[in-house]
Amino acid sequence: MRILNFIESALSGLFFLVGIAISLYSVFMRYVVGASQSWATEVYTMLLVWAIFIGFSTALKDDRHIAIEFLYDKSGPKMKSFCQVITFIIGIGFSIFIFWTGLEMVLVAHAQAIKTIDLGFPIWINYLIMPIAGALLFIRFCEKAYRFFVKKEDVTGGSDLEWQQ
């Protein structure tokens with residue numbers, strides 16, 4: 001899992017930084033130099049989308065997704081366990097749905113040979129992030145379920161003192 005953690009963090013950070021750099025370059029070229037770079041929008045949009053979708057998995061691993069914990073914190077241990085089971089079922093189901101529909105998008109775009117307007121870049125490569133993100137989320141939900149059911153760990157991430165008032 002350490003290798004996956006490193007790859008996720010490295011790729012997400014790299015895609016984000018390169019996307020932002022291209023975006024800044026595009027703004028500079030458009031407003032300072034007066035020469036619009038239409039290709040830049042396609043590239044930085046793709047890079048930022050990839051960074052965000054990879055970041056979903058990282059956020060799940062680090063318990064950084066938005067959660068409503070008011071009722072969860074007030075409930076007993078059996079209700080908390082039940083909520084965790086429901087969360088795992090929905091999360092794994094959602095991951096499979098994202099993977100499956102993303103894979104269908106990739107296959108259709110590949111079969112139709114759809115390309116981006118400015119660069120002529122195969123759109124199926126852009127869509128490839130959907131099944132990748134679904135697979136990463138699936139791995140993370142399975143990892144959390146394993147830690148919860150087999151290792152008997154608390155996988156809720158505990159309380160976030162920063163938000164308590």
# chains A, B, ... in the order shown; residues from 1 in each chain; ligands from 1
>>> closest_atom_pairs(of="region 93-156 of chain A", to="region 6-19 of chain A", cutoff="12 Å", atoms="only C-alpha atoms", output="JSON lines")
{"residue": "A:Ile129", "atom": "CA", "partner": "A:Ser12", "partner_atom": "CA", "distance": 11.7}
{"residue": "A:Ile132", "atom": "CA", "partner": "A:Glu8", "partner_atom": "CA", "distance": 11.0}
{"residue": "A:Ala133", "atom": "CA", "partner": "A:Glu8", "partner_atom": "CA", "distance": 10.4}
{"residue": "A:Leu136", "atom": "CA", "partner": "A:Glu8", "partner_atom": "CA", "distance": 9.0}
{"residue": "A:Leu137", "atom": "CA", "partner": "A:Glu8", "partner_atom": "CA", "distance": 11.5}
{"residue": "A:Arg140", "atom": "CA", "partner": "A:Glu8", "partner_atom": "CA", "distance": 11.7}
>>> write_last_selection(atoms="C-alpha atoms", output="PDB file, in the first residue's frame")
ATOM      1  CA  ILE A 129      -9.403   8.450 -15.273  1.00  0.00           C
ATOM      2  CA  ILE A 132      -8.808   4.287 -12.668  1.00  0.00           C
ATOM      3  CA  ALA A 133     -10.552   6.384 -10.000  1.00  0.00           C
ATOM      4  CA  LEU A 136      -8.553   3.276  -6.579  1.00  0.00           C
ATOM      5  CA  LEU A 137     -11.715   3.987  -4.561  1.00  0.00           C
ATOM      6  CA  ARG A 140      -9.424   2.099  -0.492  1.00  0.00           C
TER       7      ARG A 140
END
>>> atom_distance(atom1="CA of Ile117 (chain A)", atom2="CA of Met46 (chain A)")
13.3 Å
>>> closest_residue(among="A:Thr58, A:Val32, A:Ala135, A:Ile22", to="Thr45 (chain A)", atoms="only C-alpha atoms")
A:Ile22
>>> select_by_dssp(residues="region 13-159 of chain A", states="alpha helix (DSSP H)", output="PyMOL selection string")
chain A and resi 13-28+38-61+70-74+77-112+123-127+129-149
>>> atom_distance(atom1="CA of Leu48 (chain A)", atom2="CA of Cys142 (chain A)")
26.2 Å
>>> closest_residue(among="A:Ile89, A:Tyr127, A:Ser23, A:Ile114", to="Val49 (chain A)", atoms="only C-alpha atoms")
A:Tyr127
>>> closest_residue(among="A:Ile92, A:Val43, A:Cys83, A:Met130", to="Val106 (chain A)", atoms="only C-alpha atoms")
A:Met130
>>> closest_residue(among="A:Thr156, A:Ser81, A:Thr41, A:Ser95", to="Asp62 (chain A)", atoms="only C-alpha atoms")
A:Thr156
>>> residues_around(residues="Val27 (chain A)", least_positions_apart="5", cutoff="12 Å", atoms="only C-alpha atoms", output="list in words")
Ile20, Ala21, Ile22, Val32, Val33, Gly34, Ala35, Ser36, Gln37, Ser38, Ala40, Thr41 and Tyr44 of chain A
>>> write_last_selection(atoms="N, CA, C and O atoms", output="compact mmCIF listing (two decimals), in the first residue's frame")
# COMPACT_ATOMS: atom_id res chain seq x y z
N ILE A 20 -1.71 23.71 -13.23
CA ILE A 20 -1.71 25.11 -12.80
C ILE A 20 -0.66 25.91 -13.58
O ILE A 20 -0.92 27.05 -13.99
N ALA A 21 0.50 25.33 -13.80
CA ALA A 21 1.55 26.02 -14.56
C ALA A 21 1.09 26.31 -15.99
O ALA A 21 1.29 27.42 -16.51
N ILE A 22 0.45 25.35 -16.62
CA ILE A 22 -0.06 25.57 -17.98
C ILE A 22 -1.16 26.61 -17.98
O ILE A 22 -1.24 27.45 -18.88
N VAL A 32 -1.01 39.20 -21.55
CA VAL A 32 0.21 40.00 -21.59
C VAL A 32 0.78 40.04 -23.01
O VAL A 32 1.09 41.10 -23.54
N VAL A 33 0.93 38.88 -23.61
CA VAL A 33 1.51 38.80 -24.94
C VAL A 33 0.48 39.04 -26.04
O VAL A 33 0.79 39.54 -27.11
N GLY A 34 -0.79 38.68 -25.74
CA GLY A 34 -1.86 38.86 -26.72
C GLY A 34 -1.97 37.71 -27.71
O GLY A 34 -2.53 37.85 -28.78
N ALA A 35 -1.41 36.56 -27.35
CA ALA A 35 -1.47 35.38 -28.22
C ALA A 35 -2.13 34.23 -27.45
O ALA A 35 -1.52 33.61 -26.59
N SER A 36 -3.38 33.98 -27.76
CA SER A 36 -4.13 32.93 -27.06
C SER A 36 -3.60 31.55 -27.42
O SER A 36 -3.26 31.27 -28.57
N GLN A 37 -3.51 30.71 -26.44
CA GLN A 37 -3.05 29.33 -26.61
C GLN A 37 -4.24 28.39 -26.38
O GLN A 37 -4.49 27.96 -25.27
N SER A 38 -4.98 28.08 -27.42
CA SER A 38 -6.21 27.30 -27.26
C SER A 38 -5.93 25.88 -26.77
O SER A 38 -6.75 25.29 -26.07
N ALA A 40 -3.94 24.99 -24.53
CA ALA A 40 -3.65 24.96 -23.09
C ALA A 40 -4.90 24.61 -22.28
O ALA A 40 -4.79 23.90 -21.28
N THR A 41 -6.05 25.08 -22.71
CA THR A 41 -7.28 24.80 -21.97
C THR A 41 -7.54 23.30 -21.94
O THR A 41 -7.90 22.76 -20.89
N TYR A 44 -4.69 21.67 -19.50
CA TYR A 44 -4.79 21.88 -18.06
C TYR A 44 -6.10 21.38 -17.50
O TYR A 44 -6.16 20.94 -16.35
>>> closest_residue(among="A:Ile98, A:Lys151, A:Trp39, A:Asp118", to="Gly134 (chain A)", atoms="only C-alpha atoms")
A:Ile98
>>> atom_distance(atom1="CA of Leu60 (chain A)", atom2="CA of Met1 (chain A)")
13.8 Å
>>> residues_around(residues="Tyr146 (chain A)", least_positions_apart="6", cutoff="12 Å", atoms="only C-alpha atoms", output="list of chain:residue names")
A:Gln84, A:Val85, A:Phe88, A:Ile139, A:Arg140, A:Lys152, A:Glu153, A:Asp154, A:Val155
>>> decode(residues="region 122-155 of chain A", atoms="N, CA, C and O atoms", output="PDB file, in the first residue's frame")
ATOM      1  N   PRO A 122      -6.672  11.774 -28.411  1.00  0.00           N
ATOM      2  CA  PRO A 122      -7.749  10.791 -28.236  1.00  0.00           C
ATOM      3  C   PRO A 122      -8.479  11.011 -26.907  1.00  0.00           C
ATOM      4  O   PRO A 122      -7.862  11.001 -25.838  1.00  0.00           O
ATOM      5  N   ILE A 123      -9.781  11.213 -27.000  1.00  0.00           N
ATOM      6  CA  ILE A 123     -10.576  11.538 -25.804  1.00  0.00           C
ATOM      7  C   ILE A 123     -10.666  10.352 -24.846  1.00  0.00           C
ATOM      8  O   ILE A 123     -10.881  10.531 -23.652  1.00  0.00           O
ATOM      9  N   TRP A 124     -10.461   9.139 -25.352  1.00  0.00           N
ATOM     10  CA  TRP A 124     -10.551   7.979 -24.466  1.00  0.00           C
ATOM     11  C   TRP A 124      -9.468   8.027 -23.397  1.00  0.00           C
ATOM     12  O   TRP A 124      -9.666   7.502 -22.297  1.00  0.00           O
ATOM     13  N   ILE A 125      -8.353   8.674 -23.693  1.00  0.00           N
ATOM     14  CA  ILE A 125      -7.296   8.803 -22.687  1.00  0.00           C
ATOM     15  C   ILE A 125      -7.768   9.735 -21.564  1.00  0.00           C
ATOM     16  O   ILE A 125      -7.499   9.483 -20.386  1.00  0.00           O
ATOM     17  N   ASN A 126      -8.484  10.788 -21.920  1.00  0.00           N
ATOM     18  CA  ASN A 126      -9.059  11.667 -20.891  1.00  0.00           C
ATOM     19  C   ASN A 126     -10.037  10.889 -20.018  1.00  0.00           C
ATOM     20  O   ASN A 126     -10.057  11.050 -18.795  1.00  0.00           O
ATOM     21  N   TYR A 127     -10.870  10.066 -20.650  1.00  0.00           N
ATOM     22  CA  TYR A 127     -11.898   9.312 -19.928  1.00  0.00           C
ATOM     23  C   TYR A 127     -11.313   8.178 -19.081  1.00  0.00           C
ATOM     24  O   TYR A 127     -11.986   7.647 -18.214  1.00  0.00           O
ATOM     25  N   LEU A 128     -10.077   7.804 -19.341  1.00  0.00           N
ATOM     26  CA  LEU A 128      -9.449   6.691 -18.638  1.00  0.00           C
ATOM     27  C   LEU A 128      -9.384   6.921 -17.122  1.00  0.00           C
ATOM     28  O   LEU A 128      -9.314   5.966 -16.348  1.00  0.00           O
ATOM     29  N   ILE A 129      -9.455   8.163 -16.703  1.00  0.00           N
ATOM     30  CA  ILE A 129      -9.403   8.450 -15.273  1.00  0.00           C
ATOM     31  C   ILE A 129     -10.608   7.886 -14.529  1.00  0.00           C
ATOM     32  O   ILE A 129     -10.497   7.546 -13.351  1.00  0.00           O
ATOM     33  N   MET A 130     -11.738   7.746 -15.204  1.00  0.00           N
ATOM     34  CA  MET A 130     -12.934   7.223 -14.527  1.00  0.00           C
ATOM     35  C   MET A 130     -12.732   5.784 -14.027  1.00  0.00           C
ATOM     36  O   MET A 130     -12.917   5.531 -12.830  1.00  0.00           O
ATOM     37  N   PRO A 131     -12.352   4.823 -14.889  1.00  0.00           N
ATOM     38  CA  PRO A 131     -12.132   3.485 -14.319  1.00  0.00           C
ATOM     39  C   PRO A 131     -10.944   3.433 -13.366  1.00  0.00           C
ATOM     40  O   PRO A 131     -10.961   2.656 -12.395  1.00  0.00           O
ATOM     41  N   ILE A 132      -9.949   4.258 -13.595  1.00  0.00           N
ATOM     42  CA  ILE A 132      -8.808   4.287 -12.668  1.00  0.00           C
ATOM     43  C   ILE A 132      -9.273   4.782 -11.296  1.00  0.00           C
ATOM     44  O   ILE A 132      -8.947   4.184 -10.261  1.00  0.00           O
ATOM     45  N   ALA A 133     -10.038   5.855 -11.270  1.00  0.00           N
ATOM     46  CA  ALA A 133     -10.552   6.384 -10.000  1.00  0.00           C
ATOM     47  C   ALA A 133     -11.467   5.381  -9.321  1.00  0.00           C
ATOM     48  O   ALA A 133     -11.414   5.210  -8.093  1.00  0.00           O
ATOM     49  N   GLY A 134     -12.318   4.700 -10.092  1.00  0.00           N
ATOM     50  CA  GLY A 134     -13.185   3.672  -9.519  1.00  0.00           C
ATOM     51  C   GLY A 134     -12.379   2.551  -8.887  1.00  0.00           C
ATOM     52  O   GLY A 134     -12.696   2.084  -7.790  1.00  0.00           O
ATOM     53  N   ALA A 135     -11.316   2.126  -9.570  1.00  0.00           N
ATOM     54  CA  ALA A 135     -10.469   1.062  -9.027  1.00  0.00           C
ATOM     55  C   ALA A 135      -9.747   1.525  -7.763  1.00  0.00           C
ATOM     56  O   ALA A 135      -9.659   0.778  -6.773  1.00  0.00           O
ATOM     57  N   LEU A 136      -9.242   2.756  -7.767  1.00  0.00           N
ATOM     58  CA  LEU A 136      -8.553   3.276  -6.579  1.00  0.00           C
ATOM     59  C   LEU A 136      -9.513   3.389  -5.396  1.00  0.00           C
ATOM     60  O   LEU A 136      -9.159   3.018  -4.260  1.00  0.00           O
ATOM     61  N   LEU A 137     -10.726   3.894  -5.639  1.00  0.00           N
ATOM     62  CA  LEU A 137     -11.715   3.987  -4.561  1.00  0.00           C
ATOM     63  C   LEU A 137     -12.090   2.596  -4.049  1.00  0.00           C
ATOM     64  O   LEU A 137     -12.239   2.386  -2.841  1.00  0.00           O
ATOM     65  N   PHE A 138     -12.246   1.646  -4.972  1.00  0.00           N
ATOM     66  CA  PHE A 138     -12.558   0.274  -4.581  1.00  0.00           C
ATOM     67  C   PHE A 138     -11.472  -0.281  -3.662  1.00  0.00           C
ATOM     68  O   PHE A 138     -11.765  -0.874  -2.619  1.00  0.00           O
ATOM     69  N   ILE A 139     -10.219  -0.079  -4.037  1.00  0.00           N
ATOM     70  CA  ILE A 139      -9.091  -0.545  -3.217  1.00  0.00           C
ATOM     71  C   ILE A 139      -9.141   0.097  -1.835  1.00  0.00           C
ATOM     72  O   ILE A 139      -8.957  -0.574  -0.811  1.00  0.00           O
ATOM     73  N   ARG A 140      -9.400   1.395  -1.787  1.00  0.00           N
ATOM     74  CA  ARG A 140      -9.424   2.099  -0.492  1.00  0.00           C
ATOM     75  C   ARG A 140     -10.593   1.647   0.384  1.00  0.00           C
ATOM     76  O   ARG A 140     -10.443   1.497   1.601  1.00  0.00           O
ATOM     77  N   PHE A 141     -11.782   1.456  -0.229  1.00  0.00           N
ATOM     78  CA  PHE A 141     -12.918   0.981   0.564  1.00  0.00           C
ATOM     79  C   PHE A 141     -12.667  -0.442   1.072  1.00  0.00           C
ATOM     80  O   PHE A 141     -12.999  -0.764   2.216  1.00  0.00           O
ATOM     81  N   CYS A 142     -12.081  -1.295   0.231  1.00  0.00           N
ATOM     82  CA  CYS A 142     -11.754  -2.659   0.672  1.00  0.00           C
ATOM     83  C   CYS A 142     -10.701  -2.636   1.780  1.00  0.00           C
ATOM     84  O   CYS A 142     -10.783  -3.416   2.736  1.00  0.00           O
ATOM     85  N   GLU A 143      -9.730  -1.734   1.658  1.00  0.00           N
ATOM     86  CA  GLU A 143      -8.705  -1.593   2.698  1.00  0.00           C
ATOM     87  C   GLU A 143      -9.347  -1.177   4.023  1.00  0.00           C
ATOM     88  O   GLU A 143      -9.039  -1.744   5.080  1.00  0.00           O
ATOM     89  N   LYS A 144     -10.268  -0.217   3.966  1.00  0.00           N
ATOM     90  CA  LYS A 144     -10.944   0.224   5.190  1.00  0.00           C
ATOM     91  C   LYS A 144     -11.807  -0.897   5.770  1.00  0.00           C
ATOM     92  O   LYS A 144     -11.844  -1.091   6.985  1.00  0.00           O
ATOM     93  N   ALA A 145     -12.504  -1.633   4.914  1.00  0.00           N
ATOM     94  CA  ALA A 145     -13.338  -2.744   5.379  1.00  0.00           C
ATOM     95  C   ALA A 145     -12.478  -3.822   6.028  1.00  0.00           C
ATOM     96  O   ALA A 145     -12.843  -4.370   7.076  1.00  0.00           O
ATOM     97  N   TYR A 146     -11.334  -4.119   5.436  1.00  0.00           N
ATOM     98  CA  TYR A 146     -10.410  -5.092   6.015  1.00  0.00           C
ATOM     99  C   TYR A 146      -9.943  -4.643   7.398  1.00  0.00           C
ATOM    100  O   TYR A 146      -9.940  -5.427   8.355  1.00  0.00           O
ATOM    101  N   ARG A 147      -9.551  -3.383   7.489  1.00  0.00           N
ATOM    102  CA  ARG A 147      -9.092  -2.868   8.780  1.00  0.00           C
ATOM    103  C   ARG A 147     -10.215  -2.897   9.821  1.00  0.00           C
ATOM    104  O   ARG A 147      -9.974  -3.133  11.003  1.00  0.00           O
ATOM    105  N   PHE A 148     -11.446  -2.652   9.382  1.00  0.00           N
ATOM    106  CA  PHE A 148     -12.585  -2.609  10.302  1.00  0.00           C
ATOM    107  C   PHE A 148     -13.000  -4.011  10.750  1.00  0.00           C
ATOM    108  O   PHE A 148     -13.163  -4.261  11.942  1.00  0.00           O
ATOM    109  N   PHE A 149     -13.167  -4.935   9.798  1.00  0.00           N
ATOM    110  CA  PHE A 149     -13.691  -6.256  10.121  1.00  0.00           C
ATOM    111  C   PHE A 149     -12.621  -7.223  10.625  1.00  0.00           C
ATOM    112  O   PHE A 149     -12.871  -7.989  11.552  1.00  0.00           O
ATOM    113  N   VAL A 150     -11.443  -7.214  10.032  1.00  0.00           N
ATOM    114  CA  VAL A 150     -10.417  -8.193  10.383  1.00  0.00           C
ATOM    115  C   VAL A 150      -9.519  -7.685  11.503  1.00  0.00           C
ATOM    116  O   VAL A 150      -9.297  -8.371  12.497  1.00  0.00           O
ATOM    117  N   LYS A 151      -9.017  -6.470  11.358  1.00  0.00           N
ATOM    118  CA  LYS A 151      -8.099  -5.933  12.364  1.00  0.00           C
ATOM    119  C   LYS A 151      -8.812  -5.235  13.512  1.00  0.00           C
ATOM    120  O   LYS A 151      -8.175  -4.832  14.468  1.00  0.00           O
ATOM    121  N   LYS A 152     -10.123  -5.046  13.372  1.00  0.00           N
ATOM    122  CA  LYS A 152     -10.953  -4.405  14.414  1.00  0.00           C
ATOM    123  C   LYS A 152     -10.470  -2.997  14.751  1.00  0.00           C
ATOM    124  O   LYS A 152     -10.475  -2.575  15.904  1.00  0.00           O
ATOM    125  N   GLU A 153     -10.053  -2.258  13.726  1.00  0.00           N
ATOM    126  CA  GLU A 153      -9.601  -0.879  13.920  1.00  0.00           C
ATOM    127  C   GLU A 153     -10.759   0.093  13.738  1.00  0.00           C
ATOM    128  O   GLU A 153     -11.719  -0.197  13.037  1.00  0.00           O
ATOM    129  N   ASP A 154     -10.621   1.238  14.362  1.00  0.00           N
ATOM    130  CA  ASP A 154     -11.584   2.320  14.135  1.00  0.00           C
ATOM    131  C   ASP A 154     -11.160   3.032  12.857  1.00  0.00           C
ATOM    132  O   ASP A 154     -10.107   3.657  12.798  1.00  0.00           O
ATOM    133  N   VAL A 155     -11.994   2.943  11.821  1.00  0.00           N
ATOM    134  CA  VAL A 155     -11.631   3.514  10.524  1.00  0.00           C
ATOM    135  C   VAL A 155     -12.369   4.823  10.237  1.00  0.00           C
ATOM    136  O   VAL A 155     -12.346   5.320   9.123  1.00  0.00           O
TER     137      VAL A 155
END
